[in-house]
>>> print(open('data11.tsv').read())   # TSV, C-alpha atoms (C1' of nucleotides) and all ligand atoms
chain	number	residue	atom	x	y	z
A	1	MET	CA	-13.27	12.92	2.14
A	2	ASN	CA	-10.99	14.46	4.73
A	3	HIS	CA	-12.29	17.83	5.91
A	4	ARG	CA	-8.76	19.15	6.16
A	5	PHE	CA	-8.31	19.10	2.40
A	6	GLY	CA	-9.74	20.87	-0.61
A	7	LYS	CA	-10.90	24.05	1.08
A	8	GLY	CA	-8.99	26.50	-1.07
A	9	PRO	CA	-6.18	28.84	-0.06
A	10	PRO	CA	-6.26	30.47	3.40
A	11	LYS	CA	-8.54	33.49	3.30
A	12	GLY	CA	-7.03	36.93	3.46
A	13	TRP	CA	-3.44	35.87	3.03
A	14	PRO	CA	-2.51	38.58	0.50
A	15	GLY	CA	-3.22	41.35	2.98
A	16	HIS	CA	-1.49	39.54	5.79
A	17	PHE	CA	1.55	38.94	3.61
A	18	ARG	CA	1.82	42.47	2.33
A	19	GLY	CA	1.67	43.61	5.93
A	20	GLN	CA	4.84	41.62	6.57
A	21	GLY	CA	6.66	43.35	3.73
A	22	TYR	CA	6.35	40.44	1.32
A	23	ARG	CA	5.14	40.89	-2.25
A	24	VAL	CA	2.09	39.13	-3.54
A	25	THR	CA	3.29	37.53	-6.74
A	26	VAL	CA	1.72	35.29	-9.36
A	27	PRO	CA	3.77	32.20	-8.42
A	28	ARG	CA	2.80	32.63	-4.77
A	29	ARG	CA	-0.87	32.93	-5.66
A	30	ILE	CA	-0.69	29.81	-7.80
A	31	ILE	CA	1.18	27.72	-5.24
A	32	LEU	CA	-1.23	28.63	-2.48
A	33	GLN	CA	-4.12	27.79	-4.76
A	34	VAL	CA	-2.61	24.38	-5.48
A	35	LEU	CA	-2.02	23.72	-1.80
A	36	GLY	CA	-5.53	24.83	-0.96
A	37	ASN	CA	-7.08	22.46	-3.47
A	38	ALA	CA	-4.89	19.47	-2.60
A	39	GLU	CA	-6.67	16.29	-1.63
A	40	LYS	CA	-3.56	14.88	0.09
A	41	HIS	CA	-0.03	15.84	1.15
A	42	LEU	CA	1.89	16.95	-1.94
A	43	SER	CA	5.60	16.72	-2.72
A	44	ALA	CA	7.47	19.75	-4.09
A	45	GLU	CA	7.50	18.17	-7.53
A	46	GLU	CA	3.76	17.51	-7.42
A	47	ILE	CA	3.16	21.10	-6.39
A	48	TYR	CA	5.40	22.22	-9.23
A	49	LEU	CA	3.54	20.06	-11.77
A	50	ARG	CA	0.13	21.27	-10.68
A	51	SER	CA	1.31	24.87	-10.62
A	52	TYR	CA	2.83	24.45	-14.06
A	53	LYS	CA	-0.57	23.57	-15.48
A	54	LEU	CA	-1.94	26.86	-14.22
A	55	TYR	CA	1.16	28.93	-14.95
A	56	PRO	CA	3.78	27.30	-17.20
A	57	ALA	CA	6.35	30.03	-16.56
A	58	ILE	CA	6.87	28.84	-12.99
A	59	GLY	CA	10.17	27.32	-11.90
A	60	LEU	CA	10.87	24.51	-9.46
A	61	THR	CA	13.23	26.74	-7.51
A	62	THR	CA	10.43	29.17	-6.84
A	63	VAL	CA	8.27	26.36	-5.56
A	64	TYR	CA	10.91	25.40	-3.02
A	65	ARG	CA	11.46	29.00	-2.03
A	66	THR	CA	7.78	29.70	-1.62
A	67	LEU	CA	7.23	26.55	0.43
A	68	ASP	CA	10.04	27.69	2.69
A	69	LEU	CA	8.44	31.06	3.13
A	70	LEU	CA	5.07	29.51	3.92
A	71	ILE	CA	6.64	27.22	6.50
A	72	LYS	CA	8.34	30.10	8.25
A	73	ASN	CA	5.03	31.92	8.42
A	74	GLY	CA	3.22	28.92	9.83
A	75	VAL	CA	0.94	28.61	6.79
A	76	ILE	CA	2.05	25.10	5.85
A	77	ILE	CA	3.78	22.17	7.51
A	78	LYS	CA	6.57	20.09	6.05
A	79	ILE	CA	6.15	16.34	6.46
A	80	GLU	CA	9.16	14.09	6.06
A	81	SER	CA	8.04	10.53	6.25
A	82	GLY	CA	11.26	8.82	5.22
A	83	GLU	CA	10.36	8.29	1.58
A	84	GLY	CA	13.19	10.51	0.35
A	85	ARG	CA	11.11	13.54	-0.50
A	86	ALA	CA	9.21	15.89	1.74
A	87	ARG	CA	5.50	16.55	1.54
A	88	TYR	CA	3.60	19.68	2.42
A	89	GLU	CA	0.16	20.47	3.76
A	90	LEU	CA	-1.72	23.54	4.89
A	91	ALA	CA	-1.39	23.93	8.63
A	92	GLY	CA	-4.56	25.81	9.44
A	93	ARG	CA	-7.28	23.37	8.63
A	94	VAL	CA	-8.84	22.28	11.87
A	95	GLU	CA	-10.71	24.97	13.74
A	96	GLY	CA	-9.38	25.92	17.13
A	97	ILE	CA	-6.83	23.19	17.56
A	98	ASN	CA	-4.99	22.64	14.26
A	99	CYS	CA	-3.97	19.14	15.19
A	100	HIS	CA	-4.22	15.80	13.48
A	101	GLN	CA	-2.61	12.34	13.48
A	102	HIS	CA	-0.21	10.36	11.33
A	103	LEU	CA	-0.05	6.59	11.64
A	104	PHE	CA	3.36	5.46	10.37
A	105	CYS	CA	3.89	1.81	9.64
A	106	VAL	CA	7.53	1.07	10.44
A	107	ASN	CA	7.35	-2.04	8.27
A	108	CYS	CA	5.88	-0.93	4.94
A	109	ARG	CA	6.59	2.78	5.57
A	110	ASN	CA	3.16	3.89	4.48
A	111	PHE	CA	1.29	6.31	6.59
A	112	LEU	CA	-2.29	7.09	7.21
A	113	ASP	CA	-3.31	10.70	7.59
A	114	ILE	CA	-6.27	11.02	9.90
A	115	SER	CA	-8.11	13.71	11.79
A	116	ASP	CA	-9.86	11.82	14.50
A	117	LEU	CA	-9.81	13.47	17.89
A	118	THR	CA	-12.38	13.21	20.66
A	119	GLU	CA	-13.53	16.13	22.78
A	120	ASP	CA	-11.38	14.86	25.64
A	121	GLU	CA	-8.31	14.67	23.48
A	122	ILE	CA	-8.83	18.15	22.11
A	123	ALA	CA	-9.22	19.54	25.61
A	124	VAL	CA	-6.04	17.87	26.81
A	125	ILE	CA	-4.06	19.16	23.83
A	126	LYS	CA	-5.29	22.68	24.44
A	127	LYS	CA	-4.05	22.46	28.00
A	128	MET	CA	-0.75	21.06	26.83
A	129	LYS	CA	-0.30	24.02	24.51
A	130	GLU	CA	-0.82	26.43	27.39
A	131	ARG	CA	1.64	24.53	29.50
A	132	LEU	CA	4.28	24.56	26.73
A	133	LEU	CA	3.89	28.32	26.44
A	134	LYS	CA	4.31	28.92	30.15
A	135	LYS	CA	7.10	26.45	30.75
A	136	TYR	CA	9.13	26.71	27.54
A	137	GLY	CA	8.01	30.01	26.05
A	138	PHE	CA	6.92	28.14	22.95
A	139	THR	CA	3.82	29.29	21.08
A	140	VAL	CA	2.16	26.36	19.32
A	141	LYS	CA	0.56	27.09	15.97
A	142	SER	CA	-0.28	23.53	14.96
A	143	CYS	CA	0.60	19.98	15.82
A	144	ILE	CA	0.75	16.45	14.54
A	145	LEU	CA	0.52	13.33	16.65
A	146	GLN	CA	2.91	10.84	15.06
A	147	PHE	CA	2.22	7.23	15.89
A	148	TYR	CA	4.76	4.58	14.95
A	149	GLY	CA	3.80	0.94	14.74
A	150	GLU	CA	2.35	-1.75	12.53
A	151	CYS	CA	-0.48	-1.23	10.07
A	152	LYS	CA	-3.45	-3.44	9.25
A	153	ASN	CA	-2.03	-4.74	5.97
A	154	CYS	CA	1.31	-5.75	7.43
A	155	LYS	CA	-0.43	-7.73	10.15
A	156	LYS	CA	-2.35	-9.82	7.61
A	157	LYS	CA	0.83	-10.87	5.87
A	158	GLU	CA	2.20	-12.54	9.00
B	1	MET	CA	19.69	14.97	31.93
B	2	ASN	CA	16.79	13.62	29.96
B	3	HIS	CA	15.76	10.24	31.31
B	4	ARG	CA	15.16	8.97	27.80
B	5	PHE	CA	18.86	9.09	27.01
B	6	GLY	CA	22.00	7.34	28.13
B	7	LYS	CA	20.48	4.14	29.39
B	8	GLY	CA	22.49	1.74	27.26
B	9	PRO	CA	21.24	-0.59	24.55
B	10	PRO	CA	17.84	-2.28	24.97
B	11	LYS	CA	18.20	-5.32	27.19
B	12	GLY	CA	17.97	-8.75	25.65
B	13	TRP	CA	18.00	-7.63	22.05
B	14	PRO	CA	20.48	-10.27	20.85
B	15	GLY	CA	18.12	-13.10	21.75
B	16	HIS	CA	15.13	-11.31	20.32
B	17	PHE	CA	17.00	-10.63	17.11
B	18	ARG	CA	18.31	-14.14	16.67
B	19	GLY	CA	14.75	-15.35	17.14
B	20	GLN	CA	13.79	-13.34	14.09
B	21	GLY	CA	16.47	-15.00	11.98
B	22	TYR	CA	18.84	-12.03	12.10
B	23	ARG	CA	22.48	-12.46	12.93
B	24	VAL	CA	24.05	-10.72	15.89
B	25	THR	CA	27.10	-9.05	14.39
B	26	VAL	CA	29.82	-6.80	15.72
B	27	PRO	CA	28.64	-3.71	13.80
B	28	ARG	CA	25.12	-4.19	15.12
B	29	ARG	CA	26.36	-4.51	18.68
B	30	ILE	CA	28.43	-1.36	18.33
B	31	ILE	CA	25.67	0.71	16.74
B	32	LEU	CA	23.16	-0.27	19.39
B	33	GLN	CA	25.70	0.58	22.05
B	34	VAL	CA	26.24	4.01	20.53
B	35	LEU	CA	22.50	4.62	20.31
B	36	GLY	CA	22.04	3.46	23.87
B	37	ASN	CA	24.65	5.85	25.19
B	38	ALA	CA	23.54	8.84	23.14
B	39	GLU	CA	22.70	12.01	25.03
B	40	LYS	CA	20.66	13.39	22.13
B	41	HIS	CA	19.28	12.46	18.71
B	42	LEU	CA	22.18	11.43	16.48
B	43	SER	CA	22.57	11.71	12.72
B	44	ALA	CA	23.79	8.73	10.68
B	45	GLU	CA	27.18	10.35	10.34
B	46	GLU	CA	27.45	10.98	14.07
B	47	ILE	CA	26.52	7.37	14.72
B	48	TYR	CA	29.15	6.32	12.20
B	49	LEU	CA	31.83	8.50	13.83
B	50	ARG	CA	31.09	7.23	17.32
B	51	SER	CA	30.97	3.65	16.11
B	52	TYR	CA	34.22	4.14	14.26
B	53	LYS	CA	35.97	5.00	17.51
B	54	LEU	CA	34.90	1.68	18.97
B	55	TYR	CA	35.36	-0.34	15.78
B	56	PRO	CA	37.32	1.35	12.96
B	57	ALA	CA	36.46	-1.37	10.44
B	58	ILE	CA	32.84	-0.23	10.30
B	59	GLY	CA	31.42	1.32	7.12
B	60	LEU	CA	28.88	4.09	6.72
B	61	THR	CA	26.72	1.86	4.54
B	62	THR	CA	26.37	-0.61	7.36
B	63	VAL	CA	25.27	2.16	9.67
B	64	TYR	CA	22.47	3.12	7.30
B	65	ARG	CA	21.47	-0.51	6.79
B	66	THR	CA	21.44	-1.24	10.50
B	67	LEU	CA	19.41	1.85	11.28
B	68	ASP	CA	16.91	0.70	8.69
B	69	LEU	CA	16.68	-2.70	10.30
B	70	LEU	CA	16.20	-1.20	13.74
B	71	ILE	CA	13.45	1.08	12.47
B	72	LYS	CA	11.58	-1.82	10.90
B	73	ASN	CA	11.77	-3.67	14.20
B	74	GLY	CA	10.51	-0.72	16.18
B	75	VAL	CA	13.74	-0.38	18.15
B	76	ILE	CA	14.52	3.14	16.98
B	77	ILE	CA	12.67	6.08	15.45
B	78	LYS	CA	13.81	8.22	12.55
B	79	ILE	CA	13.38	11.95	13.04
B	80	GLU	CA	13.49	14.24	10.03
B	81	SER	CA	13.40	17.80	11.20
B	82	GLY	CA	14.07	19.56	7.93
B	83	GLU	CA	17.77	20.13	8.46
B	84	GLY	CA	18.76	17.96	5.49
B	85	ARG	CA	19.81	14.91	7.45
B	86	ALA	CA	17.78	12.51	9.55
B	87	ARG	CA	18.35	11.81	13.21
B	88	TYR	CA	17.70	8.65	15.17
B	89	GLU	CA	16.74	7.79	18.73
B	90	LEU	CA	15.82	4.70	20.66
B	91	ALA	CA	12.07	4.25	20.68
B	92	GLY	CA	11.61	2.34	23.90
B	93	ARG	CA	12.62	4.81	26.54
B	94	VAL	CA	9.51	5.82	28.41
B	95	GLU	CA	7.89	3.08	30.41
B	96	GLY	CA	4.38	2.14	29.44
B	97	ILE	CA	3.67	4.85	26.96
B	98	ASN	CA	6.77	5.45	24.84
B	99	CYS	CA	5.73	8.95	23.93
B	100	HIS	CA	7.43	12.32	24.05
B	101	GLN	CA	7.24	15.76	22.46
B	102	HIS	CA	9.12	17.80	19.89
B	103	LEU	CA	8.78	21.57	19.78
B	104	PHE	CA	9.71	22.73	16.26
B	105	CYS	CA	10.36	26.39	15.71
B	106	VAL	CA	9.21	27.16	12.17
B	107	ASN	CA	11.36	30.28	12.18
B	108	CYS	CA	14.83	29.17	13.30
B	109	ARG	CA	14.17	25.48	12.60
B	110	ASN	CA	15.59	24.34	15.90
B	111	PHE	CA	13.68	21.89	17.94
B	112	LEU	CA	13.41	21.08	21.58
B	113	ASP	CA	13.15	17.46	22.60
B	114	ILE	CA	11.15	17.09	25.78
B	115	SER	CA	9.46	14.38	27.77
B	116	ASP	CA	6.93	16.23	29.79
B	117	LEU	CA	3.55	14.53	30.06
B	118	THR	CA	1.05	14.75	32.90
B	119	GLU	CA	-0.94	11.80	34.20
B	120	ASP	CA	-4.00	13.05	32.35
B	121	GLU	CA	-2.15	13.30	29.09
B	122	ILE	CA	-0.71	9.82	29.43
B	123	ALA	CA	-4.14	8.40	30.15
B	124	VAL	CA	-5.64	10.09	27.10
B	125	ILE	CA	-2.87	8.85	24.84
B	126	LYS	CA	-3.33	5.31	26.10
B	127	LYS	CA	-7.00	5.51	25.19
B	128	MET	CA	-6.15	6.94	21.82
B	129	LYS	CA	-3.87	4.00	21.13
B	130	GLU	CA	-6.66	1.57	21.90
B	131	ARG	CA	-9.02	3.47	19.64
B	132	LEU	CA	-6.52	3.49	16.78
B	133	LEU	CA	-6.16	-0.26	17.10
B	134	LYS	CA	-9.91	-0.90	17.03
B	135	LYS	CA	-10.77	1.59	14.32
B	136	TYR	CA	-7.76	1.37	12.00
B	137	GLY	CA	-6.17	-1.94	12.93
B	138	PHE	CA	-2.98	-0.04	13.75
B	139	THR	CA	-0.80	-1.18	16.65
B	140	VAL	CA	1.09	1.74	18.16
B	141	LYS	CA	4.60	1.03	19.41
B	142	SER	CA	5.64	4.58	20.17
B	143	CYS	CA	4.66	8.13	19.42
B	144	ILE	CA	5.89	11.67	19.19
B	145	LEU	CA	3.79	14.78	19.64
B	146	GLN	CA	5.12	17.30	17.13
B	147	PHE	CA	4.33	20.90	17.93
B	148	TYR	CA	5.01	23.58	15.33
B	149	GLY	CA	5.29	27.21	16.29
B	150	GLU	CA	7.62	29.90	17.54
B	151	CYS	CA	10.35	29.39	20.11
B	152	LYS	CA	11.44	31.57	23.02
B	153	ASN	CA	14.56	32.91	21.31
B	154	CYS	CA	12.77	33.93	18.13
B	155	LYS	CA	10.21	35.88	20.14
B	156	LYS	CA	12.91	37.96	21.82
B	157	LYS	CA	14.33	39.04	18.49
B	158	GLU	CA	11.09	40.69	17.41
C	1	DA	C1'	5.31	56.49	-15.32
C	2	DT	C1'	9.67	55.54	-12.83
C	3	DG	C1'	12.93	53.57	-9.60
C	4	DT	C1'	14.09	50.44	-6.14
C	5	DT	C1'	14.81	45.99	-4.95
C	6	DA	C1'	12.35	41.69	-3.70
C	7	DA	C1'	11.41	37.86	-6.33
C	8	DT	C1'	12.01	34.79	-10.19
C	9	DG	C1'	13.78	30.83	-13.00
C	10	DG	C1'	17.37	28.44	-15.59
C	11	DT	C1'	21.47	26.06	-14.49
C	12	DA	C1'	25.07	24.07	-11.82
C	13	DA	C1'	26.50	22.30	-7.42
C	14	DT	C1'	25.75	19.88	-3.06
C	15	DC	C1'	25.41	16.08	-0.24
C	16	DA	C1'	22.57	12.66	2.30
C	17	DT	C1'	21.08	8.31	1.14
C	18	DT	C1'	20.98	3.96	-2.04
C	19	DA	C1'	22.57	0.55	-5.22
C	20	DT	C1'	26.25	-2.64	-6.53
C	21	DC	C1'	29.07	-6.42	-5.83
C	22	DA	C1'	32.99	-9.02	-4.37
C	23	DA	C1'	34.70	-10.37	0.19
C	24	DT	C1'	33.68	-11.74	4.93
C	25	DA	C1'	31.90	-13.94	9.01
C	26	DA	C1'	27.64	-15.71	11.88
C	27	DG	C1'	25.82	-19.72	13.22
C	28	DG	C1'	23.87	-24.37	12.13
C	29	DA	C1'	25.35	-29.13	10.89
C	30	DA	C1'	28.48	-32.80	11.14
D	1	DT	C1'	36.28	-28.02	16.18
D	2	DT	C1'	35.73	-27.79	11.12
D	3	DC	C1'	32.92	-27.02	7.19
D	4	DC	C1'	29.01	-24.85	4.58
D	5	DT	C1'	25.54	-21.89	3.58
D	6	DT	C1'	24.24	-17.41	3.03
D	7	DA	C1'	23.26	-13.17	5.64
D	8	DT	C1'	25.99	-9.34	6.24
D	9	DT	C1'	29.59	-6.21	5.36
D	10	DG	C1'	32.22	-2.22	3.33
D	11	DA	C1'	34.46	0.30	-0.62
D	12	DT	C1'	32.83	2.62	-4.38
D	13	DA	C1'	29.73	4.56	-7.68
D	14	DA	C1'	25.19	6.35	-8.65
D	15	DT	C1'	21.03	8.70	-7.44
D	16	DG	C1'	18.09	12.42	-6.71
D	17	DA	C1'	15.99	15.88	-3.76
D	18	DT	C1'	17.24	20.27	-2.33
D	19	DT	C1'	20.20	24.53	-2.51
D	20	DA	C1'	23.40	28.06	-4.45
D	21	DC	C1'	24.20	31.30	-8.01
D	22	DC	C1'	23.21	35.14	-10.84
D	23	DA	C1'	21.36	37.73	-14.57
D	24	DT	C1'	16.59	39.11	-15.51
D	25	DT	C1'	11.93	40.43	-14.22
D	26	DA	C1'	8.07	42.53	-12.00
D	27	DA	C1'	5.76	44.29	-7.33
D	28	DC	C1'	4.57	48.40	-5.57
D	29	DA	C1'	5.82	52.80	-3.25
D	30	DT	C1'	6.58	57.34	-4.83
A	201	MN	MN	-1.13	15.20	7.78
A	202	MN	MN	12.80	12.98	20.42
A	203	ZN	ZN	2.49	-1.61	7.02
A	204	ZN	ZN	13.11	29.79	16.86
>>> encode(input="data11.tsv", output="structure tokens")
Amino acid sequence: MNHRFGKGPPKGWPGHFRGQGYRVTVPRRIILQVLGNAEKHLSAEEIYLRSYKLYPAIGLTTVYRTLDLLIKNGVIIKIESGEGRARYELAGRVEGINCHQHLFCVNCRNFLDISDLTEDEIAVIKKMKERLLKKYGFTVKSCILQFYGECKNCKKKE
Amino acid sequence: MNHRFGKGPPKGWPGHFRGQGYRVTVPRRIILQVLGNAEKHLSAEEIYLRSYKLYPAIGLTTVYRTLDLLIKNGVIIKIESGEGRARYELAGRVEGINCHQHLFCVNCRNFLDISDLTEDEIAVIKKMKERLLKKYGFTVKSCILQFYGECKNCKKKE
DNA sequence: ATGTTAATGGTAATCATTATCAATAAGGAA
DNA sequence: TTCCTTATTGATAATGATTACCATTAACAT
């Protein structure tokens, strides 16, 4: 249901990658395909399992290595939500701004992944990006607004 | 130099904690003191080492357990920046809004911890909090704006 | 088609975090 | 203050996600 998921791998990545001197390999194709078709944030093991179905020769080590490469190139983002394993998601999903929100419940440790920004909010974030570039020399590729607090379910139980 | 650091432990926490049925113990006092005097985000081991200086009987397990307790009560926030170990910081440092920014470099994996919000940005975030409460039943206690991209140093090296 | 070397994948090693459990001490009651 | 209950502690062992290693394979430039 979330428009940030299930859109397939980023278009034109093979050319872009080759341009950087990287090789376009079968495992990399598969992993990007899995990430592109994900309906949620996936752990390394989940990515491995889904890739294995498409290409049983793949190894878990390669999954980790490829994820690392994709992070360094700004293609995906690594999410560590305190559950002991990291999760990964494509970074470039929202046109123009590439920003969404995570609502972390500090009590039950679940988190809600939403993409719910108003025009005002988008405008302000765009400005903030420009300011961060000027002031800190930092070029923003994507962002996540992490909110910590108490979720609906945990409130009921009180 | 960052106004979010070095302010000492949150005032009045012993009473608040006892009210919740928790006991106010020596290790908890020490750990909160260490967190309150931190000049940066500390790892569990760093917290343990600093606590050890003040109270050599303390154990690493207790540090982890106490950090967990403080997270659940919204006193601190756990930051996992992909370096293999988590870091912790007091949540309640910025009056009114409790929000600051992290600039993650996807290349060198360093991150800059800043607290640099304009009036406009603060106003927008306040509104967002209200909206998240109405729409998702989520009560925000604090937030971090995570920006992913390329840092100043990494640009130079290209 | 061949050569160079980036990339792979099985395996072992690492190390931050958790689980266990007997011993201790906070704090309420008397 | 003294006693009791039990939350909390800390030493140790176990866990498990991630990384290191290294011989083998396969992109892809020539
Ligand atoms: Mn997300
Ligand atoms: Mn911070
Ligand atoms: Zn919850
Ligand atoms: Zn950098």
>>> residues_around(input="data11.tsv", residues="Leu42 (chain B)", least_positions_apart="3", cutoff="12 Å", atoms="all atoms listed in the file", output="CSV table (one decimal) with C-alpha atoms, keeping the file's coordinate frame")
chain,number,residue,atom,x,y,z
B,5,PHE,CA,18.9,9.1,27.0
B,31,ILE,CA,25.7,0.7,16.7
B,34,VAL,CA,26.2,4.0,20.5
B,35,LEU,CA,22.5,4.6,20.3
B,36,GLY,CA,22.0,3.5,23.9
B,37,ASN,CA,24.6,5.8,25.2
B,38,ALA,CA,23.5,8.8,23.1
B,39,GLU,CA,22.7,12.0,25.0
B,45,GLU,CA,27.2,10.4,10.3
B,46,GLU,CA,27.4,11.0,14.1
B,47,ILE,CA,26.5,7.4,14.7
B,48,TYR,CA,29.2,6.3,12.2
B,49,LEU,CA,31.8,8.5,13.8
B,50,ARG,CA,31.1,7.2,17.3
B,51,SER,CA,31.0,3.6,16.1
B,63,VAL,CA,25.3,2.2,9.7
B,67,LEU,CA,19.4,1.8,11.3
B,76,ILE,CA,14.5,3.1,17.0
B,77,ILE,CA,12.7,6.1,15.4
B,78,LYS,CA,13.8,8.2,12.6
B,79,ILE,CA,13.4,12.0,13.0
B,80,GLU,CA,13.5,14.2,10.0
B,85,ARG,CA,19.8,14.9,7.4
B,86,ALA,CA,17.8,12.5,9.6
B,87,ARG,CA,18.4,11.8,13.2
B,88,TYR,CA,17.7,8.6,15.2
B,89,GLU,CA,16.7,7.8,18.7
B,90,LEU,CA,15.8,4.7,20.7
>>> atom_distance(input="data11.tsv", atom1="CA of Pro27 (chain A)", atom2="CA of Lys53 (chain A)")
12.0 Å
>>> residues_around(input="data11.tsv", residues="DA23 (chain C)", least_positions_apart="5", cutoff="12 Å", atoms="all atoms listed in the file", output="list in words")
DT8, DT9, DG10 and DA11 of chain D
>>> closest_residue(input="data11.tsv", among="A:Glu83, A:Asp68, A:Asp120, A:Asp113", to="ligand MN 201 (chain A)", atoms="only C-alpha atoms and all ligand atoms")
A:Asp113
>>> atom_distance(input="data11.tsv", atom1="CA of Leu103 (chain A)", atom2="CA of His100 (chain B)")
15.6 Å
>>> atom_distance(input="data11.tsv", atom1="CA of Cys143 (chain A)", atom2="CA of Glu150 (chain B)")
12.3 Å
>>> decode(input="data11.tsv", residues="chain C", atoms="C-alpha atoms (C1' of nucleotides)", output="mmCIF file, in the first residue's frame")
data_model
loop_
_atom_site.group_PDB
_atom_site.id
_atom_site.type_symbol
_atom_site.label_atom_id
_atom_site.label_comp_id
_atom_site.auth_asym_id
_atom_site.auth_seq_id
_atom_site.Cartn_x
_atom_site.Cartn_y
_atom_site.Cartn_z
ATOM 1 C "C1'" DA C 1 39.357 -16.237 -27.129
ATOM 2 C "C1'" DT C 2 42.473 -14.695 -23.389
ATOM 3 C "C1'" DG C 3 44.172 -12.323 -19.333
ATOM 4 C "C1'" DT C 4 43.520 -9.462 -15.527
ATOM 5 C "C1'" DT C 5 41.526 -8.853 -11.352
ATOM 6 C "C1'" DA C 6 37.107 -7.606 -9.128
ATOM 7 C "C1'" DA C 7 33.829 -10.371 -7.125
ATOM 8 C "C1'" DT C 8 32.118 -14.557 -5.061
ATOM 9 C "C1'" DG C 9 30.894 -18.019 -1.417
ATOM 10 C "C1'" DG C 10 32.086 -21.443 2.064
ATOM 11 C "C1'" DT C 11 34.019 -21.350 6.531
ATOM 12 C "C1'" DA C 12 35.923 -19.594 10.701
ATOM 13 C "C1'" DA C 13 36.390 -15.723 13.754
ATOM 14 C "C1'" DT C 14 34.736 -11.552 16.059
ATOM 15 C "C1'" DC C 15 32.427 -9.103 19.410
ATOM 16 C "C1'" DA C 16 28.347 -6.428 20.958
ATOM 17 C "C1'" DT C 17 24.449 -7.721 23.328
ATOM 18 C "C1'" DT C 18 21.479 -11.233 26.139
ATOM 19 C "C1'" DA C 19 20.411 -14.966 29.162
ATOM 20 C "C1'" DT C 20 21.306 -17.231 33.583
ATOM 21 C "C1'" DC C 21 21.343 -17.436 38.341
ATOM 22 C "C1'" DA C 22 23.032 -16.979 42.952
ATOM 23 C "C1'" DA C 23 23.985 -12.962 45.862
ATOM 24 C "C1'" DT C 24 22.777 -8.269 47.247
ATOM 25 C "C1'" DA C 25 20.409 -4.169 48.733
ATOM 26 C "C1'" DA C 26 16.217 -0.754 48.212
ATOM 27 C "C1'" DG C 27 12.480 0.504 50.601
ATOM 28 C "C1'" DG C 28 8.047 -0.660 52.954
ATOM 29 C "C1'" DA C 29 6.252 -2.604 57.354
ATOM 30 C "C1'" DA C 30 6.568 -3.291 62.128
#
